[in-house]
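Student: File follows, work_5.cif with mmCIF, C-alpha atoms:
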data_my_file
loop_
_atom_site.label_atom_id
_atom_site.label_comp_id
_atom_site.auth_asym_id
_atom_site.auth_seq_id
_atom_site.Cartn_x
_atom_site.Cartn_y
_atom_site.Cartn_z
CA MET R 21 14.88 -5.34 -8.33
CA SER R 22 11.66 -6.09 -6.51
CA ASN R 23 9.15 -3.28 -6.55
CA LYS R 24 8.62 -3.82 -2.82
CA LEU R 25 12.11 -2.56 -1.96
CA ARG R 26 13.88 0.48 -3.29
CA ARG R 27 17.28 2.04 -2.75
CA ILE R 28 17.09 5.67 -1.68
CA ALA R 29 19.78 8.30 -1.17
CA LEU R 30 19.09 11.45 0.77
CA THR R 31 20.63 13.68 3.39
CA VAL R 32 19.40 13.58 6.94
CA ASN R 33 20.57 16.33 9.26
CA GLY R 34 23.25 17.22 6.72
CA GLU R 35 24.71 13.74 6.38
CA ALA R 36 24.37 11.58 3.30
CA VAL R 37 22.37 8.42 3.88
CA GLU R 38 21.77 5.53 1.51
CA ARG R 39 19.50 2.60 2.35
CA GLU R 40 17.33 0.00 0.75
CA VAL R 41 13.86 0.41 2.22
CA PRO R 42 10.48 -1.27 1.94
CA VAL R 43 8.42 1.01 -0.29
CA ARG R 44 5.54 1.01 2.21
CA LEU R 45 7.77 2.43 4.96
CA ASN R 46 6.82 5.97 5.89
CA LEU R 47 9.38 8.69 6.47
CA VAL R 48 8.99 8.95 10.23
CA ASP R 49 9.37 5.20 10.74
CA PHE R 50 12.44 5.30 8.49
CA LEU R 51 13.96 8.10 10.57
CA ARG R 52 13.18 6.38 13.85
CA HIS R 53 13.82 2.72 13.14
CA GLU R 54 16.45 2.81 10.41
CA LEU R 55 18.42 5.84 11.54
CA GLY R 56 17.59 6.11 15.24
CA PHE R 57 16.28 9.69 15.11
CA THR R 58 13.56 9.05 17.67
CA GLY R 59 12.90 12.74 18.29
CA SER R 60 10.29 12.58 15.54
CA HIS R 61 7.27 11.07 17.22
CA VAL R 62 4.51 8.84 15.90
CA GLY R 63 1.06 9.81 17.08
CA CYS R 64 -2.04 9.36 14.96
CA GLU R 65 -0.47 8.04 11.74
CA HIS R 66 -3.05 9.78 9.60
CA GLY R 67 -1.86 13.35 9.46
CA ALA R 68 -3.99 14.83 12.22
CA CYS R 69 -1.69 15.31 15.21
CA GLY R 70 1.55 16.75 13.82
CA ALA R 71 3.86 14.88 16.22
CA CYS R 72 5.84 13.48 13.26
CA THR R 73 6.51 16.90 11.68
CA VAL R 74 9.98 17.13 10.13
CA LEU R 75 11.56 19.35 7.48
CA LEU R 76 11.72 18.02 3.92
CA ASP R 77 13.73 20.35 1.69
CA GLU R 78 13.32 23.07 4.34
CA GLN R 79 9.52 22.79 4.59
CA THR R 80 7.45 21.15 7.32
CA VAL R 81 5.80 17.89 6.30
CA ARG R 82 3.97 15.08 8.03
CA GLY R 83 6.41 12.18 8.44
CA CYS R 84 3.47 9.77 8.55
CA LEU R 85 1.99 11.03 5.27
CA THR R 86 5.26 10.88 3.37
CA LEU R 87 6.82 7.64 2.19
CA ALA R 88 10.54 7.20 2.72
CA VAL R 89 10.86 6.59 -1.04
CA GLN R 90 9.27 9.98 -1.69
CA ALA R 91 12.14 11.58 0.21
CA ASP R 92 14.68 10.05 -2.19
CA GLY R 93 17.11 12.78 -3.23
CA CYS R 94 15.78 15.23 -0.68
CA ALA R 95 17.18 16.88 2.44
CA VAL R 96 15.48 15.90 5.67
CA ARG R 97 15.96 17.55 9.02
CA THR R 98 14.79 16.17 12.34
CA ILE R 99 14.83 17.83 15.72
CA GLU R 100 18.19 16.15 16.44
CA GLY R 101 19.70 18.21 13.62
CA ALA R 102 17.78 21.41 14.16
CA GLY R 103 20.13 23.01 16.66
CA GLU R 104 22.31 24.71 14.05
CA ASN R 105 19.50 27.20 13.56
CA GLU R 106 19.66 30.14 15.97
CA LEU R 107 15.93 30.70 15.82
CA MET R 108 15.36 27.08 16.81
CA VAL R 109 17.76 27.44 19.75
CA ASP R 110 15.83 30.50 20.92
CA LEU R 111 12.53 28.64 20.57
CA GLN R 112 13.81 25.66 22.51
CA ALA R 113 15.05 27.94 25.29
CA ALA R 114 11.73 29.79 25.44
CA PHE R 115 9.72 26.55 25.49
CA HIS R 116 11.89 25.45 28.41
CA ARG R 117 11.72 28.75 30.25
CA LEU R 118 7.98 29.25 29.85
CA ASN R 119 6.88 25.66 30.50
CA ALA R 120 5.60 25.25 26.97
CA LEU R 121 5.91 21.50 27.25
CA GLN R 122 4.98 18.90 29.78
CA CYS R 123 5.36 15.39 28.36
CA GLY R 124 7.26 16.67 25.32
CA PHE R 125 5.59 14.38 22.81
CA CYS R 126 4.34 17.20 20.57
CA THR R 127 7.35 19.45 21.14
CA PRO R 128 9.60 18.59 18.16
CA GLY R 129 6.73 19.10 15.73
CA MET R 130 5.54 22.18 17.55
CA LEU R 131 9.07 23.67 17.35
CA PHE R 132 9.38 23.06 13.60
CA SER R 133 6.01 24.67 12.93
CA ALA R 134 6.88 27.63 15.16
CA GLN R 135 10.25 28.04 13.45
CA GLU R 136 8.62 28.03 10.02
CA LEU R 137 6.07 30.61 11.12
CA LEU R 138 8.67 32.99 12.53
CA GLN R 139 10.88 32.65 9.45
CA ALA R 140 7.98 33.81 7.26
CA ASN R 141 6.35 36.18 9.72
CA PRO R 142 8.76 37.55 12.34
CA ALA R 143 6.07 39.35 14.36
CA PRO R 144 2.88 37.29 14.31
CA SER R 145 -0.17 38.02 16.41
CA ARG R 146 -1.32 35.43 18.94
CA GLU R 147 -4.11 34.52 16.56
CA GLU R 148 -1.62 33.97 13.73
CA ILE R 149 0.49 31.80 16.03
CA ARG R 150 -2.54 29.70 16.98
CA ASP R 151 -3.50 29.43 13.35
CA TYR R 152 -0.07 28.24 12.26
CA LEU R 153 0.19 25.72 15.09
CA SER R 154 -3.34 24.41 14.53
CA GLY R 155 -1.99 21.26 12.92
CA ASN R 156 0.08 20.33 15.98
CA PHE R 157 -1.87 18.84 18.85
CA CYS R 158 -0.73 19.17 22.45
CA ARG R 159 -2.66 17.17 25.01
CA CYS R 160 -0.89 18.61 28.09
CA THR R 161 -0.49 22.35 28.05
CA GLY R 162 -3.70 23.85 26.76
CA TYR R 163 -1.52 25.73 24.23
CA GLN R 164 -1.39 28.96 26.22
CA ALA R 165 2.25 28.53 27.25
CA ILE R 166 3.22 27.41 23.75
CA VAL R 167 1.76 30.56 22.22
CA ASP R 168 3.49 32.56 24.97
CA ALA R 169 6.85 30.99 24.11
CA VAL R 170 6.54 31.62 20.37
CA GLN R 171 5.44 35.17 21.01
CA ALA R 172 8.31 35.75 23.44
CA VAL R 173 10.85 34.65 20.84
CA ALA R 174 9.20 36.81 18.19
CA GLN R 175 9.33 39.84 20.47
CA MET R 176 12.90 39.19 21.50
CA ARG R 177 14.21 38.71 17.98
CA HIS R 178 12.00 41.19 16.18
CA GLY R 179 12.39 43.69 18.99
CA ALA R 180 16.18 43.31 18.91
CA ARG R 181 16.22 44.02 15.17
CA HIS R 182 13.97 47.02 15.64
CA GLY R 183 15.94 48.76 18.38
CA GLY R 184 14.35 46.87 21.25
CA ARG R 185 11.10 48.82 21.01
CA HIS R 186 9.06 45.85 22.11
CA GLY R 187 11.23 45.18 25.13
CA ALA R 188 12.45 41.87 26.40
CA PRO R 189 10.12 38.91 26.86
CA GLY R 190 8.88 37.91 30.28
CA PRO R 191 10.68 35.75 32.80
CA MET U 1 -1.92 1.72 11.27
CA LYS U 2 0.77 1.01 8.68
CA ALA U 3 0.22 0.97 4.95
CA PRO U 4 -0.38 -2.46 3.42
CA ASP U 5 2.21 -3.88 1.05
CA PHE U 6 2.22 -2.63 -2.54
CA ASP U 7 4.45 -2.41 -5.57
CA TYR U 8 5.88 1.02 -6.22
CA HIS U 9 6.60 2.68 -9.54
CA ARG U 10 8.07 6.11 -10.01
CA PRO U 11 7.83 7.02 -13.69
CA GLU U 12 10.14 9.75 -14.95
CA THR U 13 7.86 10.98 -17.72
CA LEU U 14 4.14 11.49 -18.22
CA ALA U 15 4.22 9.01 -21.13
CA GLU U 16 5.75 6.38 -18.87
CA ALA U 17 3.14 7.07 -16.19
CA LEU U 18 0.29 6.78 -18.68
CA ASP U 19 1.73 3.56 -20.03
CA LEU U 20 1.84 2.10 -16.51
CA LEU U 21 -1.74 3.20 -15.92
CA ALA U 22 -2.87 1.69 -19.21
CA ARG U 23 -1.42 -1.64 -18.10
CA HIS U 24 -2.23 -1.59 -14.38
CA GLY U 25 -4.83 1.15 -13.89
CA GLU U 26 -7.51 -1.08 -12.38
CA ASP U 27 -5.18 -2.33 -9.64
CA ALA U 28 -3.16 0.82 -9.15
CA ALA U 29 -3.51 4.04 -7.24
CA ILE U 30 -1.83 7.23 -8.35
CA ILE U 31 0.10 8.98 -5.61
CA ALA U 32 1.02 12.64 -5.90
CA GLY U 33 1.43 14.40 -2.55
CA GLY U 34 -0.19 11.48 -0.76
CA GLN U 35 -1.88 13.62 1.87
CA SER U 36 -5.20 11.78 1.58
CA LEU U 37 -4.05 8.50 0.07
CA LEU U 38 -1.43 7.68 2.70
CA ALA U 39 -3.97 8.21 5.49
CA LEU U 40 -6.36 5.84 3.68
CA LEU U 41 -3.56 3.29 3.27
CA ASN U 42 -2.55 3.57 6.91
CA PHE U 43 -6.15 2.97 7.92
CA ARG U 44 -6.30 0.08 5.43
CA LEU U 45 -9.29 1.71 3.81
CA ALA U 46 -7.50 1.29 0.50
CA ALA U 47 -5.18 -1.52 -0.56
CA PRO U 48 -4.09 -1.01 -4.17
CA GLU U 49 -1.64 -3.55 -5.60
CA ARG U 50 0.59 -0.77 -6.87
CA LEU U 51 1.29 2.86 -6.32
CA ILE U 52 2.29 4.91 -9.31
CA ASP U 53 4.14 7.92 -7.93
CA ILE U 54 3.66 10.83 -10.34
CA GLY U 55 5.17 13.32 -7.89
CA ARG U 56 8.21 14.06 -10.04
CA LEU U 57 6.55 14.62 -13.40
CA THR U 58 7.63 18.17 -14.14
CA ASP U 59 5.18 18.31 -17.09
CA LEU U 60 2.37 18.62 -14.55
CA LYS U 61 3.91 21.47 -12.54
CA SER U 62 3.34 24.41 -14.86
CA LEU U 63 1.24 27.46 -14.23
CA SER U 64 0.24 29.47 -17.30
CA GLU U 65 -2.22 32.10 -18.45
CA ASP U 66 -3.82 33.16 -21.69
CA HIS U 67 -6.10 36.13 -22.27
CA GLY U 68 -9.02 34.72 -20.33
CA HIS U 69 -7.86 31.70 -18.35
CA ILE U 70 -5.35 30.33 -15.90
CA GLU U 71 -4.13 26.78 -16.39
CA ILE U 72 -2.81 25.05 -13.30
CA GLY U 73 -0.75 21.87 -13.56
CA GLY U 74 -2.23 19.04 -11.54
CA LEU U 75 0.91 18.61 -9.46
CA LEU U 76 1.11 22.17 -8.20
CA ARG U 77 0.93 22.04 -4.44
CA HIS U 78 -1.45 24.04 -2.29
CA CYS U 79 1.54 26.05 -0.98
CA ASP U 80 2.67 26.81 -4.56
CA LEU U 81 -0.76 28.21 -5.37
CA GLN U 82 -0.97 30.09 -2.08
CA ALA U 83 2.35 31.81 -2.81
CA SER U 84 1.58 32.61 -6.46
CA PRO U 85 0.99 36.32 -7.23
CA LEU U 86 -0.77 35.26 -10.45
CA ILE U 87 -3.32 33.18 -8.52
CA ALA U 88 -3.80 35.94 -5.95
CA ARG U 89 -4.45 38.48 -8.71
CA GLU U 90 -6.52 36.46 -11.17
CA LEU U 91 -8.22 33.85 -8.99
CA PRO U 92 -8.87 35.55 -5.65
CA LEU U 93 -11.58 33.03 -4.76
CA LEU U 94 -9.11 30.16 -5.05
CA HIS U 95 -6.45 32.10 -3.20
CA LYS U 96 -8.79 32.68 -0.26
CA ALA U 97 -9.85 29.05 -0.14
CA ILE U 98 -6.35 27.61 0.00
CA GLY U 99 -5.71 29.01 3.47
CA HIS U 100 -8.56 26.81 4.70
CA ILE U 101 -7.01 23.58 3.39
CA ALA U 102 -5.69 21.54 6.33
CA HIS U 103 -2.43 22.83 7.82
CA PRO U 104 0.84 24.22 6.43
CA ALA U 105 2.66 20.86 6.59
CA VAL U 106 -0.13 19.26 4.55
CA ARG U 107 -0.23 22.16 2.08
CA HIS U 108 3.49 21.61 1.45
CA ARG U 109 2.77 18.16 -0.03
CA GLY U 110 -0.86 18.11 -1.15
CA THR U 111 -1.60 18.96 -4.80
CA ILE U 112 -4.57 20.47 -6.59
CA GLY U 113 -4.90 17.47 -8.90
CA GLY U 114 -4.70 15.06 -5.99
CA SER U 115 -7.34 16.88 -4.00
CA LEU U 116 -9.74 17.05 -6.96
CA ALA U 117 -9.16 13.42 -7.93
CA MET U 118 -9.72 12.29 -4.33
CA ALA U 119 -13.10 14.11 -4.38
CA ASP U 120 -13.66 14.40 -0.68
CA PRO U 121 -17.07 16.08 -0.33
CA ALA U 122 -15.66 18.54 2.21
CA ALA U 123 -12.69 19.58 0.07
CA GLU U 124 -12.31 23.26 -0.71
CA LEU U 125 -10.91 23.13 -4.23
CA GLY U 126 -13.74 21.16 -5.80
CA ALA U 127 -16.28 23.72 -4.66
CA CYS U 128 -14.07 26.57 -5.93
CA CYS U 129 -13.69 24.96 -9.35
CA LEU U 130 -17.45 24.40 -9.51
CA ALA U 131 -18.19 28.02 -8.56
CA LEU U 132 -15.68 29.24 -11.15
CA ASP U 133 -17.06 26.88 -13.81
CA GLY U 134 -13.65 25.30 -14.27
CA GLU U 135 -12.59 22.39 -16.43
CA PHE U 136 -10.20 19.54 -15.81
CA LEU U 137 -7.86 17.99 -18.36
CA LEU U 138 -7.92 14.20 -18.11
CA VAL U 139 -5.23 12.42 -20.08
CA SER U 140 -4.63 8.77 -20.88
CA LEU U 141 -2.30 7.03 -23.27
CA GLN U 142 -4.97 7.14 -25.99
CA ASN U 143 -6.91 10.28 -25.25
CA ARG U 144 -7.12 13.79 -23.81
CA ARG U 145 -10.43 15.26 -22.75
CA TRP U 146 -11.67 18.30 -20.89
CA VAL U 147 -14.41 17.66 -18.32
CA ALA U 148 -16.36 20.46 -16.66
CA ALA U 149 -16.19 20.53 -12.86
CA ALA U 150 -19.98 20.17 -12.83
CA ASP U 151 -19.66 16.80 -14.63
CA PHE U 152 -16.57 15.57 -12.80
CA PHE U 153 -17.75 14.89 -9.25
CA LEU U 154 -20.01 11.86 -9.05
CA GLY U 155 -20.15 11.04 -5.33
CA VAL U 156 -18.05 10.46 -2.22
CA TYR U 157 -14.54 9.80 -3.61
CA GLN U 158 -16.16 9.17 -7.00
CA THR U 159 -15.24 11.09 -10.15
CA ALA U 160 -15.40 10.86 -13.92
CA LEU U 161 -11.72 9.83 -13.97
CA ARG U 162 -11.19 6.48 -15.66
CA ALA U 163 -8.68 4.02 -14.27
CA ASP U 164 -6.13 4.88 -16.98
CA GLU U 165 -6.43 8.66 -16.69
CA ILE U 166 -4.48 11.33 -14.83
CA LEU U 167 -5.90 14.72 -13.94
CA ALA U 168 -3.21 16.73 -15.69
CA ALA U 169 -4.44 20.31 -15.42
CA VAL U 170 -7.16 22.62 -14.18
CA ARG U 171 -8.41 25.51 -16.31
CA LEU U 172 -10.21 28.37 -14.61
CA PRO U 173 -11.48 31.68 -16.01
CA LYS U 174 -9.67 34.78 -14.77
CA ARG U 175 -11.58 37.31 -12.76
CA ARG U 176 -13.32 39.95 -14.84
CA PRO U 177 -13.87 43.62 -13.94
CA GLY U 178 -16.69 43.76 -11.40
CA SER U 179 -16.45 40.12 -10.44
CA ILE U 180 -16.48 38.99 -6.84
CA GLY U 181 -15.33 35.78 -5.22
CA ILE U 182 -16.11 34.84 -1.65
CA PHE U 183 -14.99 31.69 0.13
CA ASP U 184 -15.88 30.76 3.68
CA GLU U 185 -16.31 27.61 5.70
CA ILE U 186 -17.07 26.51 9.23
CA ALA U 187 -14.93 23.85 10.87
CA ARG U 188 -14.62 22.94 14.53
CA ARG U 189 -10.93 23.77 14.49
CA ARG U 190 -8.77 25.57 11.97
CA GLY U 191 -7.79 23.08 9.29
CA ASP U 192 -10.35 20.44 10.19
CA PHE U 193 -12.77 19.10 7.62
CA ALA U 194 -15.46 21.72 7.07
CA MET U 195 -18.94 21.03 8.41
CA ALA U 196 -20.16 23.36 5.69
CA GLY U 197 -18.54 25.73 3.25
CA LEU U 198 -19.37 28.08 0.44
CA ALA U 199 -17.72 29.42 -2.72
CA LEU U 200 -19.57 32.29 -4.36
CA ALA U 201 -18.64 33.81 -7.72
CA ALA U 202 -20.66 36.52 -9.45
CA GLN U 203 -20.56 39.81 -11.32
CA THR U 204 -21.68 42.91 -9.48
CA GLY U 205 -23.45 45.84 -11.08
CA ASP U 206 -26.19 48.40 -10.54
CA GLY U 207 -28.89 45.75 -10.73
CA GLY U 208 -27.26 43.55 -8.11
CA LEU U 209 -25.58 40.25 -8.86
CA SER U 210 -25.42 38.48 -12.19
CA ASP U 211 -23.80 35.28 -13.43
CA VAL U 212 -24.17 33.97 -9.88
CA ARG U 213 -22.52 30.64 -9.16
CA LEU U 214 -22.84 29.42 -5.60
CA ALA U 215 -21.08 26.16 -4.77
CA LEU U 216 -21.26 24.36 -1.44
CA LEU U 217 -18.96 21.86 0.21
CA GLY U 218 -19.48 19.45 3.06
CA VAL U 219 -23.26 19.32 2.71
CA ALA U 220 -23.73 16.56 0.11
CA ASP U 221 -21.88 13.58 -1.34
CA ARG U 222 -19.97 15.95 -3.63
CA PRO U 223 -19.56 19.71 -4.13
CA ILE U 224 -22.89 21.04 -5.38
CA LEU U 225 -24.36 24.16 -6.91
CA ALA U 226 -27.26 25.71 -5.00
CA GLY U 227 -29.40 26.26 -8.10
CA LYS U 228 -32.53 27.70 -6.53
CA THR U 229 -30.59 30.16 -4.42
CA MET U 230 -28.48 31.14 -7.43
CA ALA U 231 -31.64 31.90 -9.40
CA PHE U 232 -33.04 33.89 -6.48
CA LEU U 233 -29.90 36.02 -6.22
CA GLU U 234 -29.61 36.58 -9.98
CA GLY U 235 -30.31 40.09 -11.23
CA ARG U 236 -31.66 41.60 -8.04
CA PRO U 237 -30.21 44.07 -5.60
CA ILE U 238 -29.29 42.68 -2.22
CA ASN U 239 -30.88 44.09 0.90
CA GLU U 240 -31.54 42.86 4.40
CA ALA U 241 -34.87 41.26 3.62
CA ARG U 242 -33.46 39.44 0.62
CA ILE U 243 -30.52 38.19 2.69
CA ASP U 244 -32.99 36.64 5.16
CA GLU U 245 -34.92 35.08 2.32
CA ALA U 246 -31.79 33.74 0.64
CA ALA U 247 -30.50 32.21 3.89
CA ALA U 248 -33.84 30.46 4.44
CA LEU U 249 -33.97 29.35 0.81
CA ILE U 250 -30.52 27.76 0.81
CA ALA U 251 -31.13 25.99 4.13
CA GLY U 252 -34.23 24.44 2.62
CA GLU U 253 -32.66 23.70 -0.73
CA ILE U 254 -29.90 21.37 0.47
CA ASP U 255 -30.28 17.86 1.82
CA PRO U 256 -27.18 17.03 3.89
CA PRO U 257 -26.52 13.37 4.67
CA GLU U 258 -27.21 11.86 8.08
CA ASP U 259 -24.15 12.11 10.31
CA PRO U 260 -23.96 11.21 13.99
CA ALA U 261 -21.82 14.25 14.81
CA TYR U 262 -23.57 16.88 12.71
CA PRO U 263 -27.28 16.36 12.03
CA PRO U 264 -28.57 17.57 8.65
CA ALA U 265 -30.50 20.41 10.30
CA TYR U 266 -27.24 21.74 11.74
CA ARG U 267 -25.49 21.75 8.38
CA ARG U 268 -28.51 23.47 6.83
CA HIS U 269 -28.31 26.12 9.54
CA LEU U 270 -24.57 26.60 9.03
CA THR U 271 -25.02 26.98 5.28
CA GLY U 272 -27.58 29.71 5.89
CA VAL U 273 -25.16 31.43 8.24
CA LEU U 274 -22.38 31.26 5.65
CA LEU U 275 -24.57 32.71 2.91
CA ARG U 276 -25.75 35.48 5.20
CA ARG U 277 -22.14 36.36 6.01
CA ALA U 278 -21.16 36.33 2.35
CA LEU U 279 -24.04 38.59 1.29
CA LEU U 280 -23.44 40.98 4.17
CA GLU U 281 -19.80 41.20 3.08
CA LEU U 282 -21.01 42.14 -0.40
CA CYS U 283 -23.26 44.87 0.98
CA SER U 284 -20.59 46.43 3.18
#
Could you render the structure as structure tokens?
Tutor:
Amino acid sequence: MSNKLRRIALTVNGEAVEREVPVRLNLVDFLRHELGFTGSHVGCEHGACGACTVLLDEQTVRGCLTLAVQADGCAVRTIEGAGENELMVDLQAAFHRLNALQCGFCTPGMLFSAQELLQANPAPSREEIRDYLSGNFCRCTGYQAIVDAVQAVAQMRHGARHGGRHGAPGP
Amino acid sequence: MKAPDFDYHRPETLAEALDLLARHGEDAAIIAGGQSLLALLNFRLAAPERLIDIGRLTDLKSLSEDHGHIEIGGLLRHCDLQASPLIARELPLLHKAIGHIAHPAVRHRGTIGGSLAMADPAAELGACCLALDGEFLLVSLQNRRWVAAADFFLGVYQTALRADEILAAVRLPKRRPGSIGIFDEIARRRGDFAMAGLALAAQTGDGGLSDVRLALLGVADRPILAGKTMAFLEGRPINEARIDEAAALIAGEIDPPEDPAYPPAYRRHLTGVLLRRALLELCS
């Protein structure tokens, strides 16, 4: 077999996938062009913007700084397959409700980072939210509404688990 | 903005990887997490004929301790180290620094060996290893050798690694009673490359600091020790006047490269600010 092509087997959004891919192909291009999961966006292609963020074995990674062959044997999740997670559904609803997106280009990556933060830290401060989302650039919103949305979900979920002390989030 | 074409090898064992390097080292690049290399490839700043993917070599993923040292496998990721209670307890300086490395998604892939071997002058881990007087294990098919951090970094992206060697492990001394470790850096945004940064390790006692090692990042072509400032801080109590003197001394001691965005005078100033903050933290 040529060393320029390699057969990989992985799961994407829970479904087994097997393909022969050029070894130079990065993960986000593989997801978009081979599998049609165009919710993962391609921005800077050098790891700065975070638009290509997906989950690899349950952890956020840069799709542009990961080769498809490096994902061989792994489990990948894109935004198209993220809706089974209740926390993600809440985040998506809050982003919608609080205008935490305009063009939507950064949103899938932003949502994965926010989900990961709230899984590890259910009640982050605004500063902790900004810190965790620092690797995801948004060129529309100025971030304020995004931080609002993540905080609203944290308060709703954390508050609900703690007897509603923190009250419901805003409108 | 796509990587150039290359051949790809994914050895299953360290021996296989070293054999590939022995045969192809000059034309090959080692890829571990790929968080620096893939950006360079996408920019076409590097175009190796082959990539040797060592990412699955479990031999290089161990974390161990003996009575005085911690040994960190080269393939341990930044997130592995950040989550390790052993690192937090025994290497608090390193633990603090890891939170400054890029962003969570990058820390999930990037490795300590990869970062050190890449030798970006603004990287956090090189400065930490220098401050802690660490050593790196470099292995090839024929040889194993330990190289001190102070002898490893040779320039921008330049190290003592030979083309057939892999950085297999990092050995750092555990904290001792009375030791302190401070890490701080200044970047325009969280996770950006630091404009200047500092890793300070020392022993504290009645007479002030001793065994002072003060490493800087982002202010030269490699991580450097601030020798004059270290000597100034050694064996004396710290007070406000001495903090002023030390900040002025370190700003004069370094010689940052010309940079259109950040003039050398600015980096000198920032380094003084960082040292002042670190010494004030020690006094408080």
Student: Would you mind telling me which residue in U:Ile224, U:Val219, U:Leu45, U:Ile166 lies nearest to chain R when using only C-alpha atoms?
Tutor: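 Nearest candidate to chain R out of U:Ile224, U:Val219, U:Leu45, U:Ile166: U:Leu45.
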Student: What is the distance, in Å and to one decimal place, between atom CA of Thr271 of chain U and atom CA of Pro223 of chain U?
Tutor: 13.1 Å
Student: With a distance cut-off of 8 Å and all atoms listed in the file, select the neighbouring residues of segment 3-15 of chain U, excluding the residue or stretch itself and same-chain residues fewer than 2 positions from it, and output the selection as a PDB file with C-alpha atoms, keeping the file's coordinate frame.
Tutor:
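Once everything was written out, this is part.pdb:
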ATOM      1  CA  ASN R  23       9.150  -3.280  -6.550  1.00  0.00           C
ATOM      2  CA  LYS R  24       8.620  -3.820  -2.820  1.00  0.00           C
ATOM      3  CA  VAL R  43       8.420   1.010  -0.290  1.00  0.00           C
ATOM      4  CA  ARG R  44       5.540   1.010   2.210  1.00  0.00           C
ATOM      5  CA  LEU R  45       7.770   2.430   4.960  1.00  0.00           C
TER       6      LEU R  45
ATOM      7  CA  MET U   1      -1.920   1.720  11.270  1.00  0.00           C
ATOM      8  CA  ALA U  17       3.140   7.070 -16.190  1.00  0.00           C
ATOM      9  CA  LEU U  18       0.290   6.780 -18.680  1.00  0.00           C
ATOM     10  CA  ASP U  19       1.730   3.560 -20.030  1.00  0.00           C
ATOM     11  CA  LEU U  38      -1.430   7.680   2.700  1.00  0.00           C
ATOM     12  CA  LEU U  41      -3.560   3.290   3.270  1.00  0.00           C
ATOM     13  CA  ASN U  42      -2.550   3.570   6.910  1.00  0.00           C
ATOM     14  CA  PHE U  43      -6.150   2.970   7.920  1.00  0.00           C
ATOM     15  CA  ARG U  44      -6.300   0.080   5.430  1.00  0.00           C
ATOM     16  CA  ALA U  47      -5.180  -1.520  -0.560  1.00  0.00           C
ATOM     17  CA  PRO U  48      -4.090  -1.010  -4.170  1.00  0.00           C
ATOM     18  CA  GLU U  49      -1.640  -3.550  -5.600  1.00  0.00           C
ATOM     19  CA  ARG U  50       0.590  -0.770  -6.870  1.00  0.00           C
ATOM     20  CA  LEU U  51       1.290   2.860  -6.320  1.00  0.00           C
ATOM     21  CA  ILE U  52       2.290   4.910  -9.310  1.00  0.00           C
ATOM     22  CA  ASP U  53       4.140   7.920  -7.930  1.00  0.00           C
ATOM     23  CA  ILE U  54       3.660  10.830 -10.340  1.00  0.00           C
ATOM     24  CA  ARG U  56       8.210  14.060 -10.040  1.00  0.00           C
ATOM     25  CA  LEU U  57       6.550  14.620 -13.400  1.00  0.00           C
ATOM     26  CA  ASP U  59       5.180  18.310 -17.090  1.00  0.00           C
ATOM     27  CA  LEU U 141      -2.300   7.030 -23.270  1.00  0.00           C
TER      28      LEU U 141
END
Student: Record the distance separating atom CA of Asp151 of chain U and atom CA of Ala168 of chain U, expressed in Å with one decimal.
Tutor: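 Separation between atom CA of Asp151 of chain U and atom CA of Ala168 of chain U: 16.5 Å.
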Student: How many Å separate atom CA of Gly208 of chain U from atom CA of Glu253 of chain U?
Tutor: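 Atom CA of Gly208 of chain U sits 21.9 Å away from atom CA of Glu253 of chain U.
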Student: List the residues selected by the PyMOL selection byres ((chain R) within 8 of (chain U)) in the file shown, writing them as a PyMOL selection string.
Tutor: chain R and resi 23-24+43-45+65-67+73+79-82+84-86+151-152+154-155
Student: Using the chain letters and numbering of this document, enumerate as a list of chain:residue names the residues selected by the PyMOL selection byres ((chain R and resi 41) around 6).
Tutor: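 So the PyMOL selection byres ((chain R and resi 41) around 6), applied here, picks out R:Leu25, R:Arg26, R:Glu40, R:Pro42.
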Student: Limited to C-alpha atoms, could you put the picked residues into a file as a PDB file, in the frame of the given file?
Tutor:
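This is the output file result_27.pdb:
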ATOM      1  CA  LEU R  25      12.110  -2.560  -1.960  1.00  0.00           C
ATOM      2  CA  ARG R  26      13.880   0.480  -3.290  1.00  0.00           C
ATOM      3  CA  GLU R  40      17.330   0.000   0.750  1.00  0.00           C
ATOM      4  CA  PRO R  42      10.480  -1.270   1.940  1.00  0.00           C
TER       5      PRO R  42
END
Student: For the PyMOL selection byres ((chain R and resi 167) around 12), applied here, can you spell out every residue it catches as a ChimeraX atom specification?
Tutor: /R:111,114-115,118-121,130-131,133-134,137,144-154,158,161-166,168-174
Student: If we count all atoms listed in the file, what is near Arg176 of chain U at a cut-off of 12 Å, once residues fewer than 6 positions away on the same chain are taken out, given as a list in words?
Tutor: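 Returned residues: His67, Gly68, His69, Arg89, Glu90, Leu91, Pro92, Leu132, Ala201, Ala202, Gln203, Thr204 and Asp211 of chain U.
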Student: Could the residues in this selection be written to a file with C-alpha atoms, as a short mmCIF file (atom, residue, chain, number, x, y, z; two decimals), keeping the file's coordinate frame?
Tutor:
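Result file part24.cif:
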data_model
loop_
_atom_site.label_atom_id
_atom_site.label_comp_id
_atom_site.auth_asym_id
_atom_site.auth_seq_id
_atom_site.Cartn_x
_atom_site.Cartn_y
_atom_site.Cartn_z
CA HIS U 67 -6.10 36.13 -22.27
CA GLY U 68 -9.02 34.72 -20.33
CA HIS U 69 -7.86 31.70 -18.35
CA ARG U 89 -4.45 38.48 -8.71
CA GLU U 90 -6.52 36.46 -11.17
CA LEU U 91 -8.22 33.85 -8.99
CA PRO U 92 -8.87 35.55 -5.65
CA LEU U 132 -15.68 29.24 -11.15
CA ALA U 201 -18.64 33.81 -7.72
CA ALA U 202 -20.66 36.52 -9.45
CA GLN U 203 -20.56 39.81 -11.32
CA THR U 204 -21.68 42.91 -9.48
CA ASP U 211 -23.80 35.28 -13.43
#
